[in-house]
$ cat protein_16.cif   # mmCIF, C-alpha atoms
data_my_file
loop_
_atom_site.label_atom_id
_atom_site.label_comp_id
_atom_site.auth_asym_id
_atom_site.auth_seq_id
_atom_site.Cartn_x
_atom_site.Cartn_y
_atom_site.Cartn_z
CA MET H 1 41.02 35.87 -13.28
CA SER H 2 42.83 34.98 -10.10
CA ASN H 3 44.43 31.63 -9.56
CA THR H 4 42.14 30.51 -6.73
CA TYR H 5 39.08 31.27 -8.86
CA LYS H 6 40.50 29.06 -11.60
CA ILE H 7 41.09 26.22 -9.16
CA LYS H 8 37.59 26.62 -7.76
CA LYS H 9 36.16 26.48 -11.25
CA VAL H 10 38.04 23.25 -12.01
CA VAL H 11 36.92 21.67 -8.73
CA VAL H 12 33.28 22.56 -9.35
CA LYS H 13 33.49 21.25 -12.89
CA THR H 14 34.98 17.91 -11.83
CA GLU H 15 32.50 17.68 -8.98
CA TYR H 16 29.64 17.81 -11.44
CA LYS H 17 31.30 15.14 -13.52
CA VAL H 18 31.74 12.92 -10.47
CA LEU H 19 28.12 13.41 -9.44
CA ALA H 20 26.89 12.59 -12.94
CA ALA H 21 29.10 9.51 -12.99
CA ILE H 22 27.72 8.37 -9.61
CA LEU H 23 24.15 8.67 -10.87
CA ILE H 24 24.91 6.71 -14.03
CA ILE H 25 26.80 4.01 -12.13
CA LEU H 26 23.97 3.61 -9.62
CA ALA H 27 21.38 3.41 -12.38
CA GLY H 28 23.54 0.91 -14.24
CA GLY H 29 23.82 -1.09 -11.04
CA LEU H 30 20.03 -1.48 -11.00
CA VAL H 31 20.14 -2.98 -14.48
CA LEU H 32 22.98 -5.35 -13.61
CA LEU H 33 21.72 -6.56 -10.23
CA PRO H 34 20.57 -10.19 -10.38
CA LYS H 35 16.78 -10.30 -10.40
CA TYR H 36 14.85 -12.62 -8.13
CA GLU H 37 11.23 -13.50 -7.51
CA LYS H 38 9.93 -11.70 -4.47
CA ASN H 39 7.95 -13.54 -1.82
CA SER H 40 4.47 -12.29 -1.33
CA GLY H 41 3.05 -12.56 2.17
CA ILE H 42 5.03 -13.06 5.34
CA LYS H 43 8.67 -14.07 5.55
CA PRO H 44 9.54 -17.80 5.47
CA GLU H 45 11.19 -17.63 8.91
CA SER H 46 8.16 -16.19 10.64
CA PHE H 47 5.92 -18.61 8.75
CA LEU H 48 7.93 -21.52 10.13
CA LEU H 49 7.68 -20.12 13.65
CA ASN H 50 3.93 -19.71 13.27
CA ILE H 51 3.52 -23.29 12.09
CA MET H 52 5.40 -24.67 15.08
CA SER H 53 3.36 -22.63 17.52
CA THR H 54 0.16 -24.21 18.79
CA GLU H 55 -1.49 -20.87 19.45
CA ARG H 56 -3.78 -21.38 16.51
CA TYR H 57 -5.68 -24.26 18.13
CA VAL H 58 -8.96 -23.81 19.93
CA THR H 59 -10.69 -26.65 21.73
CA THR H 60 -14.18 -27.93 21.06
CA ASP H 61 -15.21 -26.80 24.55
CA GLN H 62 -14.20 -23.23 23.80
CA ILE H 63 -16.09 -23.24 20.54
CA ALA H 64 -19.18 -24.83 22.11
CA ASN H 65 -19.09 -22.20 24.81
CA LYS H 66 -18.87 -19.40 22.26
CA MET H 67 -21.67 -20.86 20.16
CA ILE H 68 -23.96 -21.26 23.15
CA ASN H 69 -23.26 -17.71 24.23
CA GLN H 70 -23.82 -16.60 20.63
CA ASP H 71 -20.55 -14.76 20.40
CA PRO H 72 -21.07 -12.37 17.48
CA ASN H 73 -17.38 -12.39 16.63
CA LEU H 74 -17.24 -16.10 15.92
CA LEU H 75 -17.13 -17.16 12.29
CA LEU H 76 -16.97 -20.90 11.66
CA ILE H 77 -15.58 -22.03 8.33
CA ASP H 78 -15.85 -25.61 7.16
CA VAL H 79 -13.00 -26.43 4.79
CA ARG H 80 -14.32 -29.86 3.74
CA LYS H 81 -15.89 -30.54 0.37
CA LYS H 82 -19.36 -29.20 -0.39
CA GLU H 83 -21.01 -32.69 -0.23
CA ASP H 84 -19.68 -33.27 3.27
CA PHE H 85 -20.71 -29.82 4.35
CA ASP H 86 -24.26 -30.41 3.10
CA LYS H 87 -24.52 -33.68 5.02
CA PHE H 88 -23.44 -32.33 8.36
CA SER H 89 -21.66 -29.33 9.73
CA LEU H 90 -21.73 -27.05 12.70
CA PRO H 91 -24.58 -24.54 12.91
CA ASN H 92 -24.04 -21.23 11.15
CA ALA H 93 -20.87 -22.36 9.46
CA VAL H 94 -19.70 -21.16 6.06
CA ASN H 95 -18.29 -23.63 3.58
CA ILE H 96 -15.00 -22.79 1.90
CA PRO H 97 -13.46 -25.99 0.50
CA LEU H 98 -9.70 -26.23 0.90
CA ALA H 99 -9.17 -25.84 -2.85
CA LYS H 100 -10.96 -22.49 -2.80
CA VAL H 101 -9.22 -20.91 0.18
CA LEU H 102 -7.14 -18.62 -2.00
CA SER H 103 -9.92 -17.71 -4.45
CA SER H 104 -11.06 -14.11 -4.53
CA ASP H 105 -14.56 -14.99 -3.22
CA SER H 106 -13.13 -16.42 -0.02
CA GLU H 107 -10.77 -13.54 0.59
CA ALA H 108 -13.54 -11.40 2.06
CA TYR H 109 -14.20 -14.08 4.70
CA LEU H 110 -10.60 -14.79 5.57
CA ASN H 111 -8.79 -11.48 5.19
CA GLN H 112 -10.73 -9.31 7.63
CA ASP H 113 -10.53 -7.77 11.09
CA THR H 114 -14.11 -8.23 12.33
CA TYR H 115 -14.39 -11.92 13.13
CA ASP H 116 -12.38 -14.60 14.82
CA VAL H 117 -12.36 -17.20 12.09
CA VAL H 118 -12.27 -20.86 13.19
CA LEU H 119 -11.41 -23.38 10.51
CA TYR H 120 -12.33 -27.02 10.87
CA SER H 121 -12.50 -30.23 8.90
CA ASN H 122 -13.06 -33.85 9.96
CA ASP H 123 -9.76 -33.90 11.78
CA ASN H 124 -7.53 -30.83 11.94
CA CYS H 125 -5.38 -31.87 8.97
CA TYR H 126 -7.21 -30.02 6.19
CA ALA H 127 -8.00 -27.13 8.49
CA ASP H 128 -4.29 -26.85 9.29
CA GLN H 129 -3.47 -26.75 5.60
CA ALA H 130 -6.03 -24.02 5.03
CA TRP H 131 -4.62 -22.16 8.05
CA GLN H 132 -1.12 -22.40 6.58
CA LEU H 133 -2.30 -20.86 3.33
CA CYS H 134 -4.01 -18.03 5.19
CA ASN H 135 -1.07 -17.45 7.49
CA ARG H 136 1.28 -17.35 4.54
CA MET H 137 -0.86 -14.60 3.02
CA GLY H 138 -0.65 -12.67 6.28
CA TYR H 139 -4.34 -12.99 7.20
CA LYS H 140 -5.06 -12.33 10.86
CA HIS H 141 -7.48 -13.79 13.45
CA ILE H 142 -7.53 -17.30 11.99
CA TYR H 143 -7.78 -20.34 14.28
CA VAL H 144 -8.10 -24.11 13.90
CA LEU H 145 -10.51 -26.34 15.74
CA LYS H 146 -8.28 -28.92 17.42
CA GLY H 147 -9.39 -32.42 16.39
CA GLY H 148 -12.03 -31.10 14.03
CA LEU H 149 -15.50 -32.57 13.78
CA ASN H 150 -14.41 -35.97 15.09
CA GLU H 151 -13.29 -34.37 18.30
CA TRP H 152 -16.48 -32.34 18.34
CA PHE H 153 -18.48 -35.57 18.14
CA ASN H 154 -16.39 -37.34 20.80
CA THR H 155 -16.46 -34.52 23.30
CA ILE H 156 -19.59 -32.42 22.79
CA ILE H 157 -22.14 -34.70 21.15
CA ASN H 158 -21.12 -37.95 22.81
CA PRO H 159 -19.05 -37.14 25.89
CA GLN H 160 -17.38 -39.98 27.79
CA GLU H 161 -18.27 -40.18 31.43
CA PRO H 162 -15.13 -39.70 33.52
CA LYS H 163 -13.96 -42.37 35.93
CA ILE H 164 -14.77 -41.96 39.57
CA THR H 165 -11.10 -41.38 40.32
CA ASP H 166 -10.80 -38.54 37.83
CA SER H 167 -10.32 -34.97 38.92
CA ASP H 168 -13.03 -32.52 39.74
CA LEU H 169 -12.22 -30.63 36.56
CA ALA H 170 -12.99 -33.65 34.41
CA PHE H 171 -16.45 -33.84 35.97
CA LYS H 172 -16.99 -30.14 35.41
CA ASP H 173 -16.05 -30.57 31.78
CA TYR H 174 -18.33 -33.57 31.49
CA ASN H 175 -21.26 -31.67 32.92
CA PHE H 176 -20.65 -28.77 30.58
CA ARG H 177 -20.42 -31.11 27.63
CA LYS H 178 -23.63 -32.91 28.51
CA ALA H 179 -25.43 -29.61 28.79
CA ALA H 180 -23.89 -28.45 25.55
CA ALA H 181 -24.99 -31.66 23.84
CA MET H 182 -28.54 -30.96 24.92
CA TYR H 183 -28.24 -27.46 23.52
CA PHE H 184 -27.14 -28.89 20.19
CA GLY H 185 -30.13 -31.26 20.15
CA VAL H 186 -28.86 -34.55 21.61
CA GLY H 187 -31.45 -36.53 23.55
CA ASN H 188 -34.27 -34.56 22.05
CA LYS H 189 -36.93 -37.25 22.60
CA THR H 190 -39.94 -35.15 21.72
CA ASN H 191 -40.35 -35.72 18.06
CA THR H 192 -39.96 -32.12 17.12
CA ALA H 193 -36.91 -31.28 15.13
CA PRO H 194 -34.55 -28.93 16.87
CA LYS H 195 -35.23 -25.34 16.03
CA VAL H 196 -33.40 -24.44 12.90
CA LYS H 197 -32.15 -20.96 13.22
CA PRO H 198 -32.27 -18.81 10.13
CA LYS H 199 -28.99 -18.85 8.35
CA ARG H 200 -26.82 -16.06 9.53
CA VAL H 201 -26.15 -13.57 6.80
CA ILE H 202 -22.69 -12.17 7.03
CA LYS H 203 -22.11 -8.86 5.41
CA LEU H 204 -18.56 -8.66 4.24
CA ALA H 205 -16.72 -5.83 2.71
CA LYS H 206 -13.71 -6.80 0.72
CA LYS H 207 -10.59 -5.44 2.29
CA LYS H 208 -9.17 -2.94 -0.08
CA LYS H 209 -5.51 -3.19 -0.79
CA LYS H 210 -4.17 -0.14 0.91
CA VAL H 211 -2.58 2.27 -1.48
CA ALA H 212 -0.95 5.43 -0.29
CA GLU H 213 -3.12 8.35 -1.26
CA GLY H 214 -1.64 11.62 -2.16
CA GLY H 215 -0.62 13.80 -4.97
CA CYS H 216 1.36 16.82 -5.88
CA MET F 1 8.33 -2.86 5.21
CA GLY F 2 7.49 0.41 3.49
CA PRO F 3 5.62 2.53 2.55
CA LEU F 4 5.58 3.27 6.25
CA ILE F 5 2.11 4.74 6.80
CA PRO F 6 -0.06 2.40 4.66
CA ASN F 7 1.70 -0.61 6.18
CA GLY F 8 1.09 0.65 9.69
CA VAL F 9 4.74 1.11 10.67
CA ILE F 10 3.86 4.73 11.44
CA PRO F 11 0.28 5.31 12.65
CA THR F 12 -1.99 7.13 10.19
CA GLU F 13 -2.46 9.97 12.65
CA TRP F 14 1.10 11.08 12.01
CA ASN F 15 0.28 11.62 8.34
CA PHE F 16 -0.36 15.34 8.58
CA VAL F 17 2.42 16.04 11.05
CA ILE F 18 4.93 14.43 8.72
CA ALA F 19 3.37 16.22 5.75
CA ILE F 20 3.81 19.58 7.48
CA LEU F 21 7.44 18.82 8.35
CA ILE F 22 8.23 17.73 4.80
CA GLY F 23 6.38 20.77 3.46
CA ILE F 24 8.42 23.13 5.63
CA ALA F 25 11.64 21.46 4.52
CA PHE F 26 10.52 21.68 0.89
CA GLY F 27 9.67 25.36 1.15
CA PHE F 28 12.92 26.10 2.95
CA THR F 29 14.94 24.32 0.28
CA LEU F 30 13.10 26.13 -2.52
CA GLU F 31 13.81 29.48 -0.93
CA ALA F 32 17.41 28.58 -0.05
CA SER F 33 18.19 27.64 -3.65
CA GLY F 34 16.77 30.90 -4.92
CA PHE F 35 13.64 29.48 -6.49
CA SER F 36 11.47 32.18 -5.05
CA SER F 37 12.80 34.50 -7.72
CA SER F 38 10.59 34.43 -10.79
CA ARG F 39 13.63 35.06 -13.00
CA LYS F 40 15.10 31.72 -12.01
CA ILE F 41 12.21 29.76 -13.51
CA ALA F 42 11.82 32.08 -16.46
CA GLY F 43 15.54 31.54 -17.10
CA VAL F 44 14.85 27.98 -18.28
CA PHE F 45 12.67 29.34 -21.08
CA TYR F 46 15.05 32.13 -22.07
CA GLY F 47 18.13 29.96 -21.68
CA TYR F 48 20.18 31.92 -19.17
CA ASP F 49 19.64 29.73 -16.11
CA PHE F 50 18.91 26.00 -16.06
CA ALA F 51 19.00 25.50 -12.30
CA VAL F 52 15.30 24.55 -12.20
CA LEU F 53 15.70 21.90 -14.85
CA LYS F 54 18.77 20.49 -13.13
CA VAL F 55 17.24 20.50 -9.68
CA PHE F 56 14.03 18.77 -10.70
CA PHE F 57 15.76 16.26 -12.96
CA THR F 58 18.24 15.44 -10.19
CA ALA F 59 15.43 15.09 -7.66
CA ALA F 60 13.62 12.71 -10.00
CA LEU F 61 16.77 10.68 -10.61
CA VAL F 62 17.73 10.41 -6.96
CA SER F 63 14.25 9.37 -5.84
CA MET F 64 13.80 7.01 -8.78
CA ILE F 65 17.09 5.23 -8.26
CA GLY F 66 16.68 5.29 -4.48
CA ILE F 67 13.17 3.86 -4.52
CA TYR F 68 14.12 1.04 -6.86
CA TYR F 69 17.15 0.13 -4.76
CA MET F 70 14.93 0.14 -1.69
CA ASP F 71 12.42 -2.02 -3.54
CA TYR F 72 15.20 -4.42 -4.50
CA PHE F 73 16.23 -4.79 -0.86
CA GLU F 74 12.55 -5.06 0.18
CA LEU F 75 12.47 -1.86 2.19
CA VAL F 76 9.69 -0.39 0.07
CA ASN F 77 7.06 -2.06 -2.06
CA VAL F 78 6.90 -0.09 -5.30
CA GLU F 79 3.49 -1.54 -6.16
CA GLN F 80 2.00 0.07 -3.06
CA LEU F 81 3.15 3.55 -3.97
CA PHE F 82 0.63 6.12 -5.12
CA VAL F 83 0.43 6.61 -8.87
CA LEU F 84 -1.52 9.60 -10.06
CA PRO F 85 -4.28 8.43 -12.47
CA THR F 86 -3.89 9.59 -16.06
CA TYR F 87 -6.58 11.51 -17.94
CA THR F 88 -4.95 12.14 -21.31
CA TRP F 89 -6.65 15.31 -22.55
CA SER F 90 -7.08 17.04 -19.26
CA ALA F 91 -3.38 16.39 -18.58
CA ILE F 92 -2.34 17.87 -21.93
CA ILE F 93 -4.58 20.93 -21.72
CA GLY F 94 -3.82 21.47 -18.05
CA GLY F 95 -0.12 21.14 -18.85
CA VAL F 96 -0.32 23.80 -21.57
CA ILE F 97 -2.18 26.21 -19.27
CA MET F 98 0.34 25.58 -16.51
CA GLY F 99 3.23 26.10 -18.94
CA PHE F 100 1.84 29.49 -19.94
CA GLY F 101 1.48 30.34 -16.28
CA PHE F 102 5.10 29.32 -15.72
CA VAL F 103 6.45 31.69 -18.38
CA LEU F 104 4.07 34.56 -17.62
CA GLY F 105 4.38 34.50 -13.86
CA GLY F 106 7.75 32.86 -13.48
CA PHE F 107 6.44 30.66 -10.67
CA CYS F 108 5.29 27.14 -10.13
CA PRO F 109 2.64 26.69 -7.41
CA GLY F 110 5.21 25.83 -4.76
CA THR F 111 7.55 28.71 -5.47
CA THR F 112 4.59 31.13 -5.60
CA LEU F 113 3.95 30.44 -1.94
CA CYS F 114 7.66 30.76 -1.14
CA ALA F 115 7.86 34.12 -2.94
CA ALA F 116 4.69 35.36 -1.25
CA ALA F 117 6.06 34.26 2.10
CA ILE F 118 9.24 36.33 1.69
CA GLY F 119 7.16 39.33 0.64
CA LYS F 120 7.50 39.39 -3.14
CA ILE F 121 4.60 41.22 -4.70
CA ASP F 122 4.67 39.28 -7.96
CA GLY F 123 4.44 36.10 -5.88
CA MET F 124 1.36 37.39 -4.12
CA ALA F 125 -0.18 38.45 -7.44
CA THR F 126 0.40 34.94 -8.83
CA MET F 127 -1.17 33.47 -5.73
CA VAL F 128 -4.27 35.57 -6.31
CA GLY F 129 -4.20 34.33 -9.90
CA ILE F 130 -4.13 30.73 -8.68
CA PHE F 131 -7.23 31.32 -6.61
CA ILE F 132 -8.99 33.04 -9.52
CA GLY F 133 -8.13 30.00 -11.61
CA ILE F 134 -9.53 27.66 -8.96
CA PHE F 135 -12.68 29.76 -8.74
CA LEU F 136 -13.20 29.78 -12.51
CA PHE F 137 -12.55 26.06 -12.71
CA SER F 138 -15.14 25.34 -10.01
CA GLU F 139 -17.71 27.68 -11.56
CA PHE F 140 -17.34 26.14 -15.02
CA TYR F 141 -16.91 22.61 -13.74
CA ASP F 142 -20.16 21.33 -15.31
CA PHE F 143 -19.00 22.65 -18.64
CA ILE F 144 -15.45 21.27 -18.37
CA GLU F 145 -16.36 17.95 -16.74
CA PRO F 146 -16.49 15.74 -19.89
CA LEU F 147 -12.97 16.87 -20.73
CA PHE F 148 -11.82 16.64 -17.13
CA ASP F 149 -13.00 13.06 -16.59
CA GLY F 150 -12.65 11.89 -20.18
CA SER F 151 -10.02 9.63 -21.74
CA TYR F 152 -9.24 7.97 -18.42
CA LEU F 153 -6.32 5.57 -18.62
CA GLY F 154 -6.11 4.51 -14.98
CA ARG F 155 -3.04 4.44 -12.83
CA ILE F 156 -0.58 3.69 -15.60
CA THR F 157 3.11 4.20 -15.48
CA ILE F 158 5.51 4.78 -18.34
CA THR F 159 7.02 1.32 -17.97
CA ASP F 160 3.54 -0.25 -18.28
CA SER F 161 2.70 1.59 -21.47
CA LEU F 162 6.10 1.11 -23.08
CA GLY F 163 6.44 -2.47 -21.87
CA ILE F 164 10.03 -1.79 -20.83
CA SER F 165 11.76 -3.01 -17.68
CA PRO F 166 11.81 -0.23 -15.07
CA TYR F 167 15.52 -0.80 -14.45
CA TRP F 168 16.41 -0.21 -18.08
CA PHE F 169 14.14 2.81 -18.18
CA ILE F 170 15.88 4.29 -15.16
CA PHE F 171 19.27 3.74 -16.71
CA LEU F 172 18.30 5.29 -20.05
CA PHE F 173 16.56 8.17 -18.30
CA THR F 174 19.67 8.86 -16.21
CA VAL F 175 21.87 8.92 -19.28
CA PHE F 176 19.35 11.19 -21.01
CA ALA F 177 19.28 13.52 -18.01
CA VAL F 178 23.07 13.80 -17.87
CA ILE F 179 23.16 14.60 -21.58
CA ALA F 180 20.42 17.19 -21.01
CA PHE F 181 22.50 18.76 -18.24
CA TYR F 182 25.47 18.98 -20.56
CA PHE F 183 23.51 20.64 -23.37
CA ALA F 184 21.79 22.96 -20.93
CA ASP F 185 25.25 24.18 -19.96
CA VAL F 186 26.25 24.58 -23.59
CA ILE F 187 23.13 26.67 -24.26
CA ARG F 188 23.63 28.73 -21.13
CA LYS F 189 27.15 29.67 -22.21
CA ARG F 190 25.93 30.92 -25.59
CA VAL F 191 23.09 33.02 -24.22
CA LYS F 192 23.77 36.51 -22.99
CA LYS F 193 24.15 36.52 -19.25
CA VAL F 194 21.41 38.04 -17.15
CA PHE F 195 22.26 39.22 -13.68
CA TYR F 196 19.55 39.25 -11.04
#
$ encode --input "protein_16.cif" --output "structure tokens"
Amino acid sequence: MSNTYKIKKVVVKTEYKVLAAILIILAGGLVLLPKYEKNSGIKPESFLLNIMSTERYVTTDQIANKMINQDPNLLLIDVRKKEDFDKFSLPNAVNIPLAKVLSSDSEAYLNQDTYDVVLYSNDNCYADQAWQLCNRMGYKHIYVLKGGLNEWFNTIINPQEPKITDSDLAFKDYNFRKAAAMYFGVGNKTNTAPKVKPKRVIKLAKKKKKVAEGGC
Amino acid sequence: MGPLIPNGVIPTEWNFVIAILIGIAFGFTLEASGFSSSRKIAGVFYGYDFAVLKVFFTAALVSMIGIYYMDYFELVNVEQLFVLPTYTWSAIIGGVIMGFGFVLGGFCPGTTLCAAAIGKIDGMATMVGIFIGIFLFSEFYDFIEPLFDGSYLGRITITDSLGISPYWFIFLFTVFAVIAFYFADVIRKRVKKVFY
């Protein structure tokens, strides 16, 4: 056996020992690392940014316009309690009370890619809270009706006539709102009840949690 | 962030391209480390060469430790990774058949293709055998089906069924593997050397 062969043999032997030691140390490191609870959903920083942004708000005029044009992508969700929803709500809305936003039944409505979901309550306070929950979970296409139903009533159902000195735009808005109000049944003097459209049935497929498929 | 494709970091369309690249690298590595020789795999059973055992154990250790470190630093979500569903009896019986095939042919499915690709006749013969096996399985599927689909346990992992923390399991498994390497060497030194 030559000398260099001996040295090589020693080097290879110690190399294996070093490699084995590295593996054991790394595995031991996993055991010793301090454990922490992982956040589900989006990161806190981006959540904060999303909350500060006002991109989530849509105005009553926009919603009225979409409803009149029967935009098939619009999905209205009323986050008030069931009693309030039964008394009055927007046409074709779905009721998901704030407390049930995170329940598994509501997930199909909120965690989807088909519709633009608009949340509303009496003001936008509860709707904002529901939006925060959804945003935190990483749901997409969720919006909030700015001012909620009160704003809806003040602008669409009972619009204020602008002053004579107001801009042209204000008059345009006013005209649109008056027309919209008629569409939604205001000033319907003939004693027939406004046509009640059949309740829209929304077929929803639960979004499957994506799992990598594969095998050997 | 990861896994990259299910989370949309890499578009799904790239799936097959990446699979082909990884497959080529895998085949190249198998051939480069001499796994396309049937004697290498048979050596594990006769005790003169434990390279296969070492390579696959090391691969398991490296990926296991790596994935859990990546999970810890939130680069990969372990819960999103694919876990092969467990069917107890079909796994046991299939494992026995595969084990026989290993000793008889001296190939695992991957190395068969490598050996066939470099022109080894026994590799090609094993490949034909694989297809005969697939054919028989498909023909007798109705007969085998209750066994094949029976005793389904779902996508369970060893840490679920043992109720042990994955970190501890990884540590114990690593220690076990290193001990196995050591004893494999001890056995190899006692067995008569085979040159090939």
$ closest_atom_pairs --input "protein_16.cif" --of "chain F" --to "chain H" --cutoff "6 Å" --atoms "all atoms listed in the file" --output "Markdown table"
| residue | atom | partner | partner_atom | distance |
| --- | --- | --- | --- | --- |
| F:Pro6 | CA | H:Ala212 | CA | 5.9 |
| F:Gln80 | CA | H:Val211 | CA | 5.3 |
| F:Leu81 | CA | H:Ala212 | CA | 5.8 |
| F:Phe82 | CA | H:Ala212 | CA | 5.1 |
| F:Tyr167 | CA | H:Val31 | CA | 5.1 |
| F:Trp168 | CA | H:Val31 | CA | 5.9 |
| F:Phe171 | CA | H:Ala27 | CA | 4.8 |
$ resolve_selection --input "protein_16.cif" --expression "the PyMOL selection byres ((chain H and resi 133) around 12)" --output "PyMOL selection string"
chain H and resi 40-42+47+50-51+98-103+107+110-111+119+126-132+134-140+142
$ atom_distance --input "protein_16.cif" --atom1 "atom CA of Val9 of chain F" --atom2 "atom CA of Asn77 of chain F"
13.3 Å
$ atom_distance --input "protein_16.cif" --atom1 "atom CA of Phe195 of chain F" --atom2 "atom CA of Tyr48 of chain F"
9.4 Å
$ atom_distance --input "protein_16.cif" --atom1 "atom CA of Leu104 of chain F" --atom2 "atom CA of Thr126 of chain F"
9.5 Å
$ resolve_selection --input "protein_16.cif" --expression "the PyMOL selection byres ((chain F and resi 87-90) around 8)" --output "MDAnalysis selection string"
chainID F and resid 85:86 91:94 147:154
$ resolve_selection --input "protein_16.cif" --expression "the PyMOL selection byres ((chain F and resi 125) around 12)" --output "PyMOL selection string"
chain F and resi 38+104-107+112-113+115-116+119-124+126-132
$ residues_around --input "protein_16.cif" --residues "Tyr57 of chain H" --least-positions-apart "4" --cutoff "6 Å" --atoms "only C-alpha atoms" --output "list of chain:residue names"
H:Tyr143, H:Val144, H:Leu145, H:Lys146
$ residues_around --input "protein_16.cif" --residues "Gln62 of chain H" --least-positions-apart "5" --cutoff "12 Å" --atoms "all atoms listed in the file" --output "PDB file with C-alpha atoms, keeping the file's coordinate frame"
ATOM      1  CA  TYR H  57      -5.680 -24.260  18.130  1.00  0.00           C
ATOM      2  CA  MET H  67     -21.670 -20.860  20.160  1.00  0.00           C
ATOM      3  CA  ILE H  68     -23.960 -21.260  23.150  1.00  0.00           C
ATOM      4  CA  ASN H  69     -23.260 -17.710  24.230  1.00  0.00           C
ATOM      5  CA  ASP H  71     -20.550 -14.760  20.400  1.00  0.00           C
ATOM      6  CA  LEU H  74     -17.240 -16.100  15.920  1.00  0.00           C
ATOM      7  CA  VAL H 118     -12.270 -20.860  13.190  1.00  0.00           C
ATOM      8  CA  TYR H 143      -7.780 -20.340  14.280  1.00  0.00           C
ATOM      9  CA  VAL H 144      -8.100 -24.110  13.900  1.00  0.00           C
ATOM     10  CA  LEU H 145     -10.510 -26.340  15.740  1.00  0.00           C
ATOM     11  CA  LYS H 146      -8.280 -28.920  17.420  1.00  0.00           C
ATOM     12  CA  TRP H 152     -16.480 -32.340  18.340  1.00  0.00           C
ATOM     13  CA  THR H 155     -16.460 -34.520  23.300  1.00  0.00           C
ATOM     14  CA  ILE H 156     -19.590 -32.420  22.790  1.00  0.00           C
ATOM     15  CA  ASP H 173     -16.050 -30.570  31.780  1.00  0.00           C
ATOM     16  CA  PHE H 176     -20.650 -28.770  30.580  1.00  0.00           C
ATOM     17  CA  ARG H 177     -20.420 -31.110  27.630  1.00  0.00           C
ATOM     18  CA  ALA H 180     -23.890 -28.450  25.550  1.00  0.00           C
TER      19      ALA H 180
END
$ build_atoms --input "protein_16.cif" --residues "segment 76-87 of chain F" --atoms "N, CA and C atoms" --output "compact mmCIF listing (two decimals), keeping the file's coordinate frame"
# COMPACT_ATOMS: atom_id res chain seq x y z
N VAL F 76 10.89 -1.07 0.54
CA VAL F 76 9.69 -0.39 0.07
C VAL F 76 9.06 -1.27 -1.00
N ASN F 77 7.73 -1.33 -1.00
CA ASN F 77 7.06 -2.06 -2.06
C ASN F 77 6.57 -1.07 -3.11
N VAL F 78 7.23 -1.08 -4.27
CA VAL F 78 6.90 -0.09 -5.30
C VAL F 78 5.43 -0.18 -5.70
N GLU F 79 4.88 -1.40 -5.71
CA GLU F 79 3.49 -1.54 -6.16
C GLU F 79 2.50 -0.85 -5.22
N GLN F 80 2.92 -0.58 -3.99
CA GLN F 80 2.00 0.07 -3.06
C GLN F 80 2.07 1.59 -3.15
N LEU F 81 3.02 2.10 -3.93
CA LEU F 81 3.15 3.55 -3.97
C LEU F 81 2.03 4.17 -4.79
N PHE F 82 1.73 5.42 -4.46
CA PHE F 82 0.63 6.12 -5.12
C PHE F 82 1.04 6.53 -6.53
N VAL F 83 0.20 6.16 -7.49
CA VAL F 83 0.43 6.61 -8.87
C VAL F 83 -0.75 7.47 -9.26
N LEU F 84 -0.45 8.69 -9.67
CA LEU F 84 -1.52 9.60 -10.06
C LEU F 84 -2.23 9.04 -11.30
N PRO F 85 -3.58 8.96 -11.29
CA PRO F 85 -4.28 8.43 -12.47
C PRO F 85 -4.13 9.37 -13.66
N THR F 86 -4.13 8.80 -14.85
CA THR F 86 -3.89 9.59 -16.06
C THR F 86 -5.20 9.85 -16.80
N TYR F 87 -5.48 11.12 -17.06
CA TYR F 87 -6.58 11.51 -17.94
C TYR F 87 -5.90 12.26 -19.09
